[in-house]
Amino acid sequence: MKTKLTERIEQKLDELKPKTKTSNYKSGYGLGLKISLDLISSTIVGILIGLGIDKVFSTKPIFFVIFLVLGIIAGFINLYRTIKKID
């Protein structure tokens with residue numbers, strides 16, 4: 001009786017253990033969507049901040065270009081973090 005119970009407990013515990021390393025992304029579509037949104041959203045936010053500061057200080061392309069570059073850099077940093085998290 002005790003051995004059957006022990007075997008059943010061990011079997012249930014084995015079923016609950018993760019078999020392999022699982023990723024948060026169920027499909028390639030989800031991963032692609034996250035990467036593209038990271039790149040696009042950070043670039044758009046950089047553009048909007050740059051345009052807003054240029055409008056406030058009446059300087060046309062200076063802050064736009066600076067924050068555009070910062071937004072692109074932030075997008076690639078997020079891309080790097082995402083890819084590193086997958087591995």
# chains A, B, ... in the order shown; residues from 1 in each chain; ligands from 1
call {"tool": "residues_around", "arguments": {"residues": "Ile62 (chain A)", "least_positions_apart": "2", "cutoff": "12 Å", "atoms": "only C-alpha atoms", "output": "mmCIF file with C-alpha atoms, in the first residue's frame"}}
result
data_model
loop_
_atom_site.group_PDB
_atom_site.id
_atom_site.type_symbol
_atom_site.label_atom_id
_atom_site.label_comp_id
_atom_site.auth_asym_id
_atom_site.auth_seq_id
_atom_site.Cartn_x
_atom_site.Cartn_y
_atom_site.Cartn_z
ATOM 1 C CA ILE A 47 10.788 61.744 -31.991
ATOM 2 C CA ILE A 49 10.091 64.290 -27.132
ATOM 3 C CA GLY A 50 12.489 65.930 -29.575
ATOM 4 C CA LEU A 51 9.696 67.713 -31.437
ATOM 5 C CA GLY A 52 8.177 68.899 -28.160
ATOM 6 C CA ILE A 53 11.428 70.337 -26.858
ATOM 7 C CA ASP A 54 12.123 71.956 -30.254
ATOM 8 C CA LYS A 55 8.700 73.594 -30.153
ATOM 9 C CA PHE A 57 12.672 76.358 -27.288
ATOM 10 C CA SER A 58 12.044 77.280 -30.968
ATOM 11 C CA THR A 59 15.009 75.278 -32.195
ATOM 12 C CA LYS A 60 13.969 73.221 -35.181
ATOM 13 C CA PHE A 64 14.649 66.242 -32.804
ATOM 14 C CA VAL A 65 17.845 64.672 -34.103
ATOM 15 C CA ILE A 66 19.296 64.141 -30.621
ATOM 16 C CA PHE A 67 16.203 62.370 -29.278
ATOM 17 C CA LEU A 68 15.707 60.448 -32.517
ATOM 18 C CA VAL A 69 19.166 58.946 -32.095
#
call {"tool": "residues_around", "arguments": {"residues": "Leu37 (chain A)", "least_positions_apart": "5", "cutoff": "12 Å", "atoms": "only C-alpha atoms", "output": "JSON, numbers by chain"}}
result
{"A": [30, 31, 32, 42, 43, 44, 45, 75, 76, 78, 79, 82]}
call {"tool": "select_by_dssp", "arguments": {"residues": "chain A", "states": "helix (DSSP H, G or I)", "output": "VMD selection string"}}
result
chain A and resid 2 to 16 28 to 57 62 to 86
call {"tool": "atom_distance", "arguments": {"atom1": "CA of Tyr29 (chain A)", "atom2": "CA of Ala74 (chain A)"}}
result
22.1 Å
